[in-house]
Amino acid sequence: MIQKSRAKLWSLSFVFAIIANALLFMIFEMLLPTLPLFVNEIGGSATDVGLITGVFMVSAILIRPFAGYLLKLVNKKYLLIFGIIINAISTGMYYFADNVNTLLIIRLVHGLGFGLATTYFATLVAEIIPKERRGEGMGYFGVGETVAISIGPMIGISILEFFEFSHLFLGGLAVLLLAAFLAALTKSSKQLNNKVEPQHMKVKLLEKRVIIPALLTLLIGVAASSIMSFFSLYAIEKEFSGIGWFFFIIALASFLVRLVSGKLFDRHGPSVILIPGSILASTGFIVLYLAQADFTFYVSAGLYGLGFGAIFPAIQTWCMNLVEEHEHEYAMSTFFNFFDFGIGIGSLLLGILVTNFSYSVVYLVGMAFYIAFLLLYLYIMYNQRRDNSSIGGLYNERSH
C-alpha cells in the first residue's frame with residue numbers, strides 16, 4: 001500500500017527555533033547545579049536554595065497569563081526576543097549578587113523573562129510544525145532542549161572547576177544573546193501568511209480545557225524540583241563526584257526516547273507514553289534514594305530521563321491539541337504555569353524537609369508524586385471509558 005506523502009516538517013525556521021530554544025535551556029540547566037553552590041558561597045542555607053528556585057518559578061507563573069494579551073501590542077517574535085534578552089541580562093547580573101536578597105531580586109526578573117520566552121517558543125514552533133505531525137515535531141523540538149541540557153550542567157560544573165562564578169554568569173549572558181539573534185531569524189506560518197488574530201487575545205489566568213493534563217504536569221513539576229534544586233548538594237553528601245555526568249545521562253536518555261515517543265503519540269495518543277513513562281521515572285527515584293555507588297546514580301539518571309523525557313513533550317502536545325491555533329498561548333501558559341508552580345512549591349516545601357530531615361527524603365517524595373501521576377491518569381482513563389466521555393480530550397485530541 002502506498003502511503004500519501006506527509007507535510008514537510010523541517011525548515012530553516014524550525015532549525016533556528018530548535019537551536020535558540022536549546023541555548024535558552026542550556027543556560028537554564030547550567031545554572032541548576034551551580035546556583036545552589038553559589039547560594040552556599042554567599043552565605044545562604046538549604047532553605048534559601050529552595051526559595052531561590054521558588055521565586056524564579058513564581059515570577060514566571062505571574063507573567064504567563066499576559067502572554068496572549070501582549071500579542072495585541074507587540075509581534076510574537078519580538079516578545080520572544082525580549083524574553084530571551086531579559087534572561088541574558090539577568091544571567092549576567094548574577095555576577096553582582098553578593099547576598100541572598102540581591103540574588104532573589106535578580107531571580108525574580110529572570111523568571112519573568114523565562115516565562116515569556118518558554119511560552120512564545122512553544123507556540124511559535126507549534127505554528128511552524130504541520131498539525132498532523134505535531135507530536136513528532138514537538139518531540140524533535142524537545143530533543144534540542146535535551147541535547148543542550150546534557151551539556152549545560154557539565155559546562156557549568158567544568159567552568160567552576162577552572163574559573164570563578166563570574167565566568168559562568170558572563171558566559172551565559174553571551175550564549176543567550178546568540179539565542180536572541182537566532183530567534184530573530186525564525187518565521188512562522190502566521191508571519192508568512194499574515195494571519196495574526198489579535199482581537200482574540202486577552203488576559204487569561206487559566207485555560208480550562210487543558211486543566212486535566214496541566215494537573216498531571218504539576219505533579220511531575222514537584223518531582224522535578226528535587227532534581228533541579230537539591231541534587232548537587234545531595235551528591236556532595238553522598239560523596240558522588242559525577243554531577244555533570246548525572247545530568248548528561250538524564251538528557252541523553254530523554255534525547256533517545258524523544259526520537260520515538262512523538263511518533264507514538266501521533267499514532268496512539270498519550271496513554272502509550274504516560275503510563276510507562278511514569279513507571280520508569282518513579283523507579284528512577286527509588287534507585288536514586290537507595291544509591292550508594294556511582295553506577296547506581298547513573299542507572300537512576302537513565303530511568304528518570306527516559307520517563308520524564310517521554311512525558312513532558314507528550315503532555316505539551318496534548319495541551320496544544322485541545323485548543324484552536326490562536327489559543328496556543330493560553331494552553332502553553334497554563335501548561336508551563338502548572339509545571340513551574342510544581343517546581344516552585346516543590347522547591348520551597350522540599351527545602352523545609354531537607355532542613356528538618358535529609359536530602360535523600362526528597363527523592364521519596366519525588367517517587368510518591370510520580371505514583372500519584374500514574375494513579376490520577378489511570379483514574380481519568382477509567383472514568384472516560386465508563387462514561388464514554390472525553391475528559392481532557394484523552395482520545396479526541398488526535399482528531400485536530
# chains A, B, ... in the order shown; residues from 1 in each chain; ligands from 1
>>> residues_around(residues="Val55 in chain A", least_positions_apart="2", cutoff="10 Å", atoms="only C-alpha atoms", output="MDAnalysis selection string")
chainID A and resid 50:53 57:61 104:111 344:345 347:348
>>> write_last_selection(atoms="all heavy atoms", output="short mmCIF file (atom, residue, chain, number, x, y, z; two decimals), in the first residue's frame")
data_model
loop_
_atom_site.label_atom_id
_atom_site.label_comp_id
_atom_site.auth_asym_id
_atom_site.auth_seq_id
_atom_site.Cartn_x
_atom_site.Cartn_y
_atom_site.Cartn_z
N GLY A 50 15.95 26.51 48.10
CA GLY A 50 14.57 26.29 47.68
C GLY A 50 13.86 27.59 47.35
O GLY A 50 13.09 27.68 46.39
N LEU A 51 14.13 28.63 48.14
CA LEU A 51 13.49 29.94 47.92
C LEU A 51 13.95 30.56 46.61
O LEU A 51 13.13 31.15 45.88
CB LEU A 51 13.83 30.87 49.09
CG LEU A 51 13.11 32.22 49.13
CD1 LEU A 51 11.61 32.02 49.22
CD2 LEU A 51 13.62 33.04 50.30
N ILE A 52 15.23 30.42 46.30
CA ILE A 52 15.77 30.97 45.05
C ILE A 52 15.07 30.34 43.84
O ILE A 52 14.69 31.02 42.89
CB ILE A 52 17.29 30.72 44.98
CG1 ILE A 52 18.04 31.58 45.99
CG2 ILE A 52 17.82 30.97 43.57
CD1 ILE A 52 17.94 33.06 45.74
N THR A 53 14.87 29.02 43.89
CA THR A 53 14.17 28.34 42.80
C THR A 53 12.71 28.71 42.78
O THR A 53 12.11 28.96 41.73
CB THR A 53 14.32 26.81 42.95
OG1 THR A 53 15.70 26.47 42.96
CG2 THR A 53 13.62 26.08 41.82
N MET A 57 10.31 30.54 39.73
CA MET A 57 9.14 29.91 39.14
C MET A 57 7.87 30.74 39.35
O MET A 57 7.01 30.82 38.47
CB MET A 57 8.96 28.51 39.71
CG MET A 57 10.09 27.56 39.37
SD MET A 57 10.44 27.51 37.57
CE MET A 57 11.91 26.50 37.52
N VAL A 58 7.76 31.37 40.51
CA VAL A 58 6.58 32.19 40.79
C VAL A 58 6.50 33.37 39.82
O VAL A 58 5.42 33.69 39.28
CB VAL A 58 6.58 32.68 42.25
CG1 VAL A 58 5.54 33.79 42.45
CG2 VAL A 58 6.30 31.53 43.20
N SER A 59 7.61 34.02 39.56
CA SER A 59 7.60 35.17 38.64
C SER A 59 7.29 34.72 37.21
O SER A 59 6.59 35.42 36.47
CB SER A 59 8.93 35.92 38.69
OG SER A 59 10.00 35.11 38.25
N ALA A 60 7.78 33.54 36.82
CA ALA A 60 7.45 33.01 35.51
C ALA A 60 5.96 32.74 35.39
O ALA A 60 5.33 32.99 34.36
CB ALA A 60 8.24 31.72 35.24
N ILE A 61 5.38 32.23 36.47
CA ILE A 61 3.94 31.94 36.51
C ILE A 61 3.13 33.23 36.39
O ILE A 61 2.12 33.28 35.67
CB ILE A 61 3.58 31.19 37.81
CG1 ILE A 61 4.11 29.77 37.76
CG2 ILE A 61 2.07 31.19 38.05
CD1 ILE A 61 4.03 29.03 39.08
N LEU A 104 17.72 37.11 45.06
CA LEU A 104 16.27 36.91 44.95
C LEU A 104 15.65 37.91 43.97
O LEU A 104 14.78 37.55 43.17
CB LEU A 104 15.61 37.05 46.32
CG LEU A 104 15.70 35.85 47.25
CD1 LEU A 104 15.18 36.21 48.64
CD2 LEU A 104 14.93 34.67 46.69
N ILE A 105 16.09 39.16 44.03
CA ILE A 105 15.56 40.18 43.12
C ILE A 105 15.91 39.85 41.67
O ILE A 105 15.07 39.93 40.77
CB ILE A 105 16.11 41.58 43.50
CG1 ILE A 105 15.59 41.99 44.88
CG2 ILE A 105 15.72 42.62 42.45
CD1 ILE A 105 16.22 43.25 45.42
N ILE A 106 17.15 39.44 41.44
CA ILE A 106 17.57 39.08 40.09
C ILE A 106 16.81 37.86 39.60
O ILE A 106 16.37 37.80 38.44
CB ILE A 106 19.10 38.83 40.04
CG1 ILE A 106 19.85 40.10 40.45
CG2 ILE A 106 19.52 38.39 38.65
CD1 ILE A 106 21.34 39.90 40.62
N ARG A 107 16.62 36.89 40.47
CA ARG A 107 15.87 35.69 40.09
C ARG A 107 14.43 36.02 39.73
O ARG A 107 13.83 35.39 38.85
CB ARG A 107 15.90 34.66 41.23
CG ARG A 107 17.24 33.99 41.44
CD ARG A 107 17.61 33.10 40.28
NE ARG A 107 16.98 31.80 40.33
CZ ARG A 107 17.09 30.89 39.37
NH1 ARG A 107 17.77 31.16 38.28
NH2 ARG A 107 16.49 29.71 39.48
N LEU A 108 13.88 37.01 40.43
CA LEU A 108 12.51 37.43 40.15
C LEU A 108 12.40 37.96 38.72
O LEU A 108 11.49 37.60 37.97
CB LEU A 108 12.09 38.50 41.15
CG LEU A 108 10.64 39.00 41.07
CD1 LEU A 108 9.69 37.91 41.49
CD2 LEU A 108 10.45 40.23 41.94
N VAL A 109 13.35 38.81 38.34
CA VAL A 109 13.37 39.36 36.98
C VAL A 109 13.65 38.26 35.95
O VAL A 109 13.03 38.19 34.88
CB VAL A 109 14.40 40.50 36.87
CG1 VAL A 109 14.49 41.01 35.44
CG2 VAL A 109 14.06 41.63 37.83
N HIS A 110 14.60 37.41 36.28
CA HIS A 110 14.96 36.30 35.39
C HIS A 110 13.74 35.42 35.10
O HIS A 110 13.50 35.00 33.97
CB HIS A 110 16.08 35.47 36.02
CG HIS A 110 16.75 34.53 35.07
ND1 HIS A 110 17.90 33.84 35.41
CD2 HIS A 110 16.44 34.15 33.80
CE1 HIS A 110 18.26 33.08 34.38
NE2 HIS A 110 17.39 33.25 33.40
N GLY A 111 12.96 35.15 36.13
CA GLY A 111 11.77 34.33 35.97
C GLY A 111 10.76 34.94 35.01
O GLY A 111 10.10 34.23 34.24
N GLY A 344 8.17 25.28 41.80
CA GLY A 344 8.30 26.32 42.82
C GLY A 344 7.84 25.85 44.19
O GLY A 344 8.58 25.96 45.18
N ILE A 345 6.63 25.31 44.26
CA ILE A 345 6.12 24.86 45.56
C ILE A 345 6.90 23.65 46.04
O ILE A 345 7.14 23.48 47.24
CB ILE A 345 4.60 24.55 45.47
CG1 ILE A 345 3.99 24.44 46.86
CG2 ILE A 345 4.35 23.27 44.68
CD1 ILE A 345 3.96 25.75 47.62
N SER A 347 10.13 23.08 45.45
CA SER A 347 11.42 23.55 45.96
C SER A 347 11.28 24.13 47.36
O SER A 347 12.13 23.89 48.24
CB SER A 347 12.00 24.60 45.01
OG SER A 347 12.26 24.05 43.75
N LEU A 348 10.21 24.91 47.58
CA LEU A 348 10.01 25.51 48.91
C LEU A 348 9.74 24.45 49.96
O LEU A 348 10.36 24.45 51.04
CB LEU A 348 8.85 26.51 48.84
CG LEU A 348 9.09 27.76 47.99
CD1 LEU A 348 7.80 28.55 47.84
CD2 LEU A 348 10.18 28.63 48.61
#
>>> residues_around(residues="range 147-161 of chain A", least_positions_apart="3", cutoff="12 Å", atoms="only C-alpha atoms", output="PyMOL selection string")
chain A and resi 18-38+140-144+164-172+175+228+231-232+241-256+258+301-302+305+309
>>> residues_around(residues="range 7-12 of chain A", least_positions_apart="5", cutoff="10 Å", atoms="only C-alpha atoms", output="list in words")
Ala17, Ile18, Ile128, Ile129, Pro130, Lys131, Glu132, Arg133, Arg134, Glu136, Gly137, Leu185, Thr186 and Lys187 of chain A
>>> write_last_selection(atoms="C-alpha atoms", output="PDB file, in the first residue's frame")
ATOM      1  CA  ALA A  17      13.945  27.750  16.769  1.00  0.00           C
ATOM      2  CA  ILE A  18      15.297  24.407  17.997  1.00  0.00           C
ATOM      3  CA  ILE A 128       5.836  26.143  12.189  1.00  0.00           C
ATOM      4  CA  ILE A 129       5.031  22.416  12.612  1.00  0.00           C
ATOM      5  CA  PRO A 130       2.277  20.836  10.460  1.00  0.00           C
ATOM      6  CA  LYS A 131      -0.699  19.894  12.659  1.00  0.00           C
ATOM      7  CA  GLU A 132      -0.691  16.245  11.630  1.00  0.00           C
ATOM      8  CA  ARG A 133       2.960  15.920  12.716  1.00  0.00           C
ATOM      9  CA  ARG A 134       2.709  17.993  15.888  1.00  0.00           C
ATOM     10  CA  GLU A 136       6.648  14.262  16.219  1.00  0.00           C
ATOM     11  CA  GLY A 137       7.658  17.897  15.734  1.00  0.00           C
ATOM     12  CA  LEU A 185      15.783  34.628  12.116  1.00  0.00           C
ATOM     13  CA  THR A 186      12.657  32.472  12.541  1.00  0.00           C
ATOM     14  CA  LYS A 187       9.415  32.870  10.591  1.00  0.00           C
TER      15      LYS A 187
END
>>> closest_residue(among="A:Val365, A:Met332, A:Ile279, A:Ala183", to="Ile81 in chain A", atoms="only C-alpha atoms")
A:Ala183
>>> select_by_dssp(residues="range 181-375 of chain A", states="helix (DSSP H, G or I)", output="number ranges by chain")
A: 181-184, 189-193, 198-200, 208-237, 243-268, 271-290, 294-321, 325-356, 361-375
>>> residues_around(residues="Ala67 in chain A", least_positions_apart="2", cutoff="10 Å", atoms="only C-alpha atoms", output="VMD selection string")
chain A and resid 63 to 65 69 to 72 76 79 115 to 117 119 to 120 201 to 204 329 to 330 332 to 333
>>> atom_distance(atom1="CA of Tyr304 in chain A", atom2="CA of Leu280 in chain A")
6.3 Å
>>> residues_around(residues="range 212-221 of chain A", least_positions_apart="5", cutoff="6 Å", atoms="only C-alpha atoms", output="PyMOL selection string")
chain A and resi 335+338-339+342-343+369+373+392
>>> write_last_selection(atoms="C-alpha atoms", output="short mmCIF file (atom, residue, chain, number, x, y, z; two decimals), in the first residue's frame")
data_model
loop_
_atom_site.label_atom_id
_atom_site.label_comp_id
_atom_site.auth_asym_id
_atom_site.auth_seq_id
_atom_site.Cartn_x
_atom_site.Cartn_y
_atom_site.Cartn_z
CA PHE A 335 0.88 24.08 30.89
CA PHE A 338 1.35 24.30 36.37
CA PHE A 339 4.78 22.79 35.74
CA GLY A 342 5.01 22.39 40.84
CA ILE A 343 8.73 23.18 40.72
CA PHE A 369 4.40 12.22 43.11
CA PHE A 373 0.65 10.92 38.49
CA GLY A 392 -9.31 16.31 28.98
#
>>> residues_around(residues="Pro276 in chain A", least_positions_apart="3", cutoff="12 Å", atoms="only C-alpha atoms", output="CSV table (one decimal) with all heavy atoms, in the first residue's frame")
chain,number,residue,atom,x,y,z
A,257,VAL,N,14.7,8.7,23.9
A,257,VAL,CA,13.2,8.4,24.0
A,257,VAL,C,12.4,9.3,23.1
A,257,VAL,O,11.4,8.9,22.6
A,257,VAL,CB,12.7,8.3,25.5
A,257,VAL,CG1,12.5,9.7,26.0
A,257,VAL,CG2,11.5,7.5,25.6
A,261,SER,N,9.1,8.7,20.9
A,261,SER,CA,7.8,9.0,21.6
A,261,SER,C,6.9,9.9,20.9
A,261,SER,O,5.6,9.7,21.0
A,261,SER,CB,8.2,9.6,23.0
A,261,SER,OG,8.8,10.8,22.9
A,270,PRO,N,-1.9,9.6,24.2
A,270,PRO,CA,-1.0,9.8,25.3
A,270,PRO,C,-0.7,8.6,26.2
A,270,PRO,O,0.3,8.5,26.8
A,270,PRO,CB,-1.6,10.9,26.1
A,270,PRO,CG,-3.1,10.8,25.7
A,270,PRO,CD,-3.1,10.4,24.3
A,271,SER,N,-1.6,7.6,26.2
A,271,SER,CA,-1.5,6.5,27.1
A,271,SER,C,-0.3,5.7,26.9
A,271,SER,O,0.4,5.3,27.9
A,271,SER,CB,-2.7,5.6,27.0
A,271,SER,OG,-3.9,6.3,27.4
A,272,VAL,N,0.1,5.5,25.7
A,272,VAL,CA,1.3,4.6,25.4
A,272,VAL,C,2.6,5.3,25.8
A,272,VAL,O,3.6,4.7,26.0
A,272,VAL,CB,1.3,4.3,23.9
A,272,VAL,CG1,1.7,5.6,23.1
A,272,VAL,CG2,2.3,3.2,23.6
A,273,ILE,N,2.5,6.6,26.1
A,273,ILE,CA,3.7,7.4,26.6
A,273,ILE,C,3.6,7.6,28.1
A,273,ILE,O,4.6,7.3,28.8
A,273,ILE,CB,3.7,8.8,25.9
A,273,ILE,CG1,3.7,8.6,24.4
A,273,ILE,CG2,4.9,9.5,26.4
A,273,ILE,CD1,4.9,7.9,23.8
A,279,ILE,N,6.1,5.0,35.2
A,279,ILE,CA,6.7,3.9,35.9
A,279,ILE,C,8.2,4.0,35.9
A,279,ILE,O,8.9,3.7,36.9
A,279,ILE,CB,6.2,2.6,35.3
A,279,ILE,CG1,4.7,2.4,35.5
A,279,ILE,CG2,7.0,1.4,35.8
A,279,ILE,CD1,4.1,1.2,34.7
A,280,LEU,N,8.8,4.3,34.7
A,280,LEU,CA,10.2,4.5,34.6
A,280,LEU,C,10.7,5.6,35.5
A,280,LEU,O,11.8,5.4,36.2
A,280,LEU,CB,10.6,4.8,33.2
A,280,LEU,CG,10.5,3.7,32.2
A,280,LEU,CD1,10.7,4.2,30.7
A,280,LEU,CD2,11.7,2.6,32.5
A,281,ALA,N,10.1,6.7,35.6
A,281,ALA,CA,10.5,7.9,36.4
A,281,ALA,C,10.5,7.5,37.9
A,281,ALA,O,11.4,7.8,38.6
A,281,ALA,CB,9.7,9.1,36.1
A,282,SER,N,9.4,6.9,38.3
A,282,SER,CA,9.2,6.6,39.7
A,282,SER,C,10.3,5.6,40.1
A,282,SER,O,10.8,5.6,41.2
A,282,SER,CB,7.8,6.1,40.0
A,282,SER,OG,7.5,5.0,39.3
A,283,THR,N,10.6,4.6,39.2
A,283,THR,CA,11.6,3.6,39.5
A,283,THR,C,13.0,4.3,39.6
A,283,THR,O,13.8,4.0,40.5
A,283,THR,CB,11.7,2.6,38.4
A,283,THR,OG1,10.4,2.0,38.3
A,283,THR,CG2,12.7,1.5,38.7
A,303,LEU,N,16.9,6.0,34.1
A,303,LEU,CA,15.5,5.7,34.2
A,303,LEU,C,14.6,6.9,34.3
A,303,LEU,O,13.6,7.0,33.7
A,303,LEU,CB,15.3,4.8,35.5
A,303,LEU,CG,15.9,3.4,35.5
A,303,LEU,CD1,15.8,2.8,36.9
A,303,LEU,CD2,15.1,2.6,34.5
A,304,TYR,N,15.1,7.9,35.1
A,304,TYR,CA,14.3,9.2,35.2
A,304,TYR,C,14.3,9.9,33.9
A,304,TYR,O,13.3,10.4,33.5
A,304,TYR,CB,15.0,10.0,36.3
A,304,TYR,CG,14.3,11.4,36.4
A,304,TYR,CD1,13.1,11.6,36.9
A,304,TYR,CD2,15.0,12.5,35.8
A,304,TYR,CE1,12.5,12.9,37.0
A,304,TYR,CE2,14.4,13.8,35.9
A,304,TYR,CZ,13.2,14.0,36.5
A,304,TYR,OH,12.6,15.2,36.5
A,306,LEU,N,14.5,8.7,30.8
A,306,LEU,CA,13.5,8.0,29.9
A,306,LEU,C,12.1,8.4,30.2
A,306,LEU,O,11.3,8.7,29.3
A,306,LEU,CB,13.7,6.5,30.0
A,306,LEU,CG,15.0,5.9,29.3
A,306,LEU,CD1,15.1,4.5,29.7
A,306,LEU,CD2,15.0,6.2,27.8
A,307,GLY,N,11.8,8.4,31.5
A,307,GLY,CA,10.4,8.7,31.9
A,307,GLY,C,10.0,10.1,31.7
A,307,GLY,O,9.0,10.4,31.0
A,308,PHE,N,10.8,11.0,32.2
A,308,PHE,CA,10.5,12.5,32.1
A,308,PHE,C,10.6,12.9,30.6
A,308,PHE,O,9.7,13.7,30.1
A,308,PHE,CB,11.4,13.3,32.9
A,308,PHE,CG,11.2,14.8,32.8
A,308,PHE,CD1,10.2,15.4,33.5
A,308,PHE,CD2,12.0,15.6,32.0
A,308,PHE,CE1,9.9,16.8,33.4
A,308,PHE,CE2,11.8,16.9,31.9
A,308,PHE,CZ,10.7,17.5,32.6
A,309,GLY,N,11.6,12.4,29.9
A,309,GLY,CA,11.8,12.8,28.5
A,309,GLY,C,10.6,12.5,27.6
A,309,GLY,O,10.4,13.2,26.6
A,310,ALA,N,10.0,11.4,27.9
A,310,ALA,CA,8.8,11.0,27.1
A,310,ALA,C,7.5,11.7,27.5
A,310,ALA,O,6.7,12.1,26.7
A,310,ALA,CB,8.6,9.5,27.3
A,311,ILE,N,7.4,11.9,28.8
A,311,ILE,CA,6.1,12.5,29.4
A,311,ILE,C,6.0,14.0,29.0
A,311,ILE,O,4.9,14.4,28.6
A,311,ILE,CB,6.1,12.3,30.9
A,311,ILE,CG1,5.8,10.9,31.2
A,311,ILE,CG2,5.0,13.2,31.5
A,311,ILE,CD1,5.9,10.6,32.7
A,370,TYR,N,5.2,10.8,41.3
A,370,TYR,CA,5.1,10.1,40.1
A,370,TYR,C,4.1,8.9,40.2
A,370,TYR,O,3.3,8.6,39.2
A,370,TYR,CB,6.4,9.5,39.5
A,370,TYR,CG,7.0,10.5,38.5
A,370,TYR,CD1,8.1,11.3,38.9
A,370,TYR,CD2,6.5,10.5,37.2
A,370,TYR,CE1,8.6,12.2,37.9
A,370,TYR,CE2,7.1,11.4,36.3
A,370,TYR,CZ,8.1,12.2,36.7
A,370,TYR,OH,8.7,13.1,35.7
A,371,ILE,N,4.0,8.3,41.4
A,371,ILE,CA,3.0,7.3,41.6
A,371,ILE,C,1.6,8.0,41.6
A,371,ILE,O,0.6,7.4,41.0
A,371,ILE,CB,3.2,6.6,42.9
A,371,ILE,CG1,4.5,5.7,42.8
A,371,ILE,CG2,2.0,5.7,43.3
A,371,ILE,CD1,4.9,5.1,44.1
A,373,PHE,N,0.9,10.6,39.9
A,373,PHE,CA,0.7,10.9,38.5
A,373,PHE,C,0.0,9.7,37.8
A,373,PHE,O,-1.0,9.9,37.1
A,373,PHE,CB,2.0,11.3,37.9
A,373,PHE,CG,2.0,11.4,36.4
A,373,PHE,CD1,2.0,12.7,35.8
A,373,PHE,CD2,2.0,10.4,35.5
A,373,PHE,CE1,2.0,12.9,34.4
A,373,PHE,CE2,2.0,10.5,34.1
A,373,PHE,CZ,2.0,11.8,33.6
A,374,LEU,N,0.6,8.5,38.0
A,374,LEU,CA,0.1,7.3,37.3
A,374,LEU,C,-1.3,7.0,37.8
A,374,LEU,O,-2.2,6.7,36.9
A,374,LEU,CB,1.0,6.2,37.6
A,374,LEU,CG,0.6,4.8,37.1
A,374,LEU,CD1,0.5,4.8,35.6
A,374,LEU,CD2,1.6,3.7,37.6
A,377,TYR,N,-3.8,9.5,36.3
A,377,TYR,CA,-4.1,9.2,34.8
A,377,TYR,C,-4.9,8.0,34.6
A,377,TYR,O,-5.8,8.0,33.8
A,377,TYR,CB,-2.7,9.1,34.1
A,377,TYR,CG,-2.9,8.9,32.6
A,377,TYR,CD1,-3.3,10.0,31.8
A,377,TYR,CD2,-2.7,7.7,32.0
A,377,TYR,CE1,-3.5,9.9,30.5
A,377,TYR,CE2,-2.9,7.6,30.6
A,377,TYR,CZ,-3.3,8.7,29.9
A,377,TYR,OH,-3.5,8.6,28.5
A,378,LEU,N,-4.7,6.9,35.4
A,378,LEU,CA,-5.5,5.7,35.2
A,378,LEU,C,-6.9,6.0,35.6
A,378,LEU,O,-7.9,5.5,35.0
A,378,LEU,CB,-4.9,4.6,36.1
A,378,LEU,CG,-3.5,4.1,35.6
A,378,LEU,CD1,-3.0,3.1,36.7
A,378,LEU,CD2,-3.6,3.4,34.3
>>> closest_residue(among="A:Trp318, A:Tyr78, A:Phe162, A:Phe114", to="Thr91 in chain A", atoms="only C-alpha atoms")
A:Phe114
>>> atom_distance(atom1="CA of Ile236 in chain A", atom2="CA of Ser360 in chain A")
11.8 Å
>>> decode(residues="range 88-106 of chain A", atoms="N, CA and C atoms", output="short mmCIF file (atom, residue, chain, number, x, y, z; two decimals), in the first residue's frame")
data_model
loop_
_atom_site.label_atom_id
_atom_site.label_comp_id
_atom_site.auth_asym_id
_atom_site.auth_seq_id
_atom_site.Cartn_x
_atom_site.Cartn_y
_atom_site.Cartn_z
N ALA A 88 19.15 36.92 29.34
CA ALA A 88 20.58 37.21 29.16
C ALA A 88 21.07 38.21 30.20
N ILE A 89 20.36 39.32 30.33
CA ILE A 89 20.78 40.37 31.25
C ILE A 89 20.76 39.86 32.70
N SER A 90 19.72 39.11 33.05
CA SER A 90 19.62 38.59 34.41
C SER A 90 20.76 37.64 34.73
N THR A 91 21.10 36.79 33.75
CA THR A 91 22.21 35.85 33.96
C THR A 91 23.51 36.61 34.21
N GLY A 92 23.74 37.66 33.44
CA GLY A 92 24.94 38.47 33.66
C GLY A 92 24.91 39.19 35.00
N MET A 93 23.72 39.59 35.46
CA MET A 93 23.59 40.34 36.71
C MET A 93 23.90 39.49 37.95
N TYR A 94 23.84 38.16 37.81
CA TYR A 94 24.22 37.32 38.96
C TYR A 94 25.63 37.64 39.43
N TYR A 95 26.44 38.12 38.50
CA TYR A 95 27.82 38.48 38.82
C TYR A 95 27.90 39.50 39.96
N PHE A 96 26.86 40.34 40.07
CA PHE A 96 26.88 41.41 41.07
C PHE A 96 26.18 41.03 42.37
N ALA A 97 25.62 39.83 42.45
CA ALA A 97 24.91 39.42 43.66
C ALA A 97 25.91 38.98 44.73
N ASP A 98 25.87 39.67 45.87
CA ASP A 98 26.77 39.29 46.96
C ASP A 98 26.01 38.87 48.22
N ASN A 99 24.68 38.77 48.12
CA ASN A 99 23.88 38.28 49.24
C ASN A 99 22.59 37.69 48.68
N VAL A 100 21.89 36.94 49.52
CA VAL A 100 20.70 36.23 49.07
C VAL A 100 19.60 37.18 48.63
N ASN A 101 19.42 38.31 49.30
CA ASN A 101 18.36 39.25 48.95
C ASN A 101 18.53 39.81 47.53
N THR A 102 19.77 40.17 47.19
CA THR A 102 20.05 40.66 45.84
C THR A 102 19.79 39.56 44.82
N LEU A 103 20.22 38.36 45.16
CA LEU A 103 20.01 37.22 44.27
C LEU A 103 18.53 36.96 44.04
N LEU A 104 17.72 37.11 45.06
CA LEU A 104 16.27 36.91 44.95
C LEU A 104 15.65 37.91 43.97
N ILE A 105 16.09 39.16 44.03
CA ILE A 105 15.56 40.18 43.12
C ILE A 105 15.91 39.85 41.67
N ILE A 106 17.15 39.44 41.44
CA ILE A 106 17.57 39.08 40.09
C ILE A 106 16.81 37.86 39.60
#
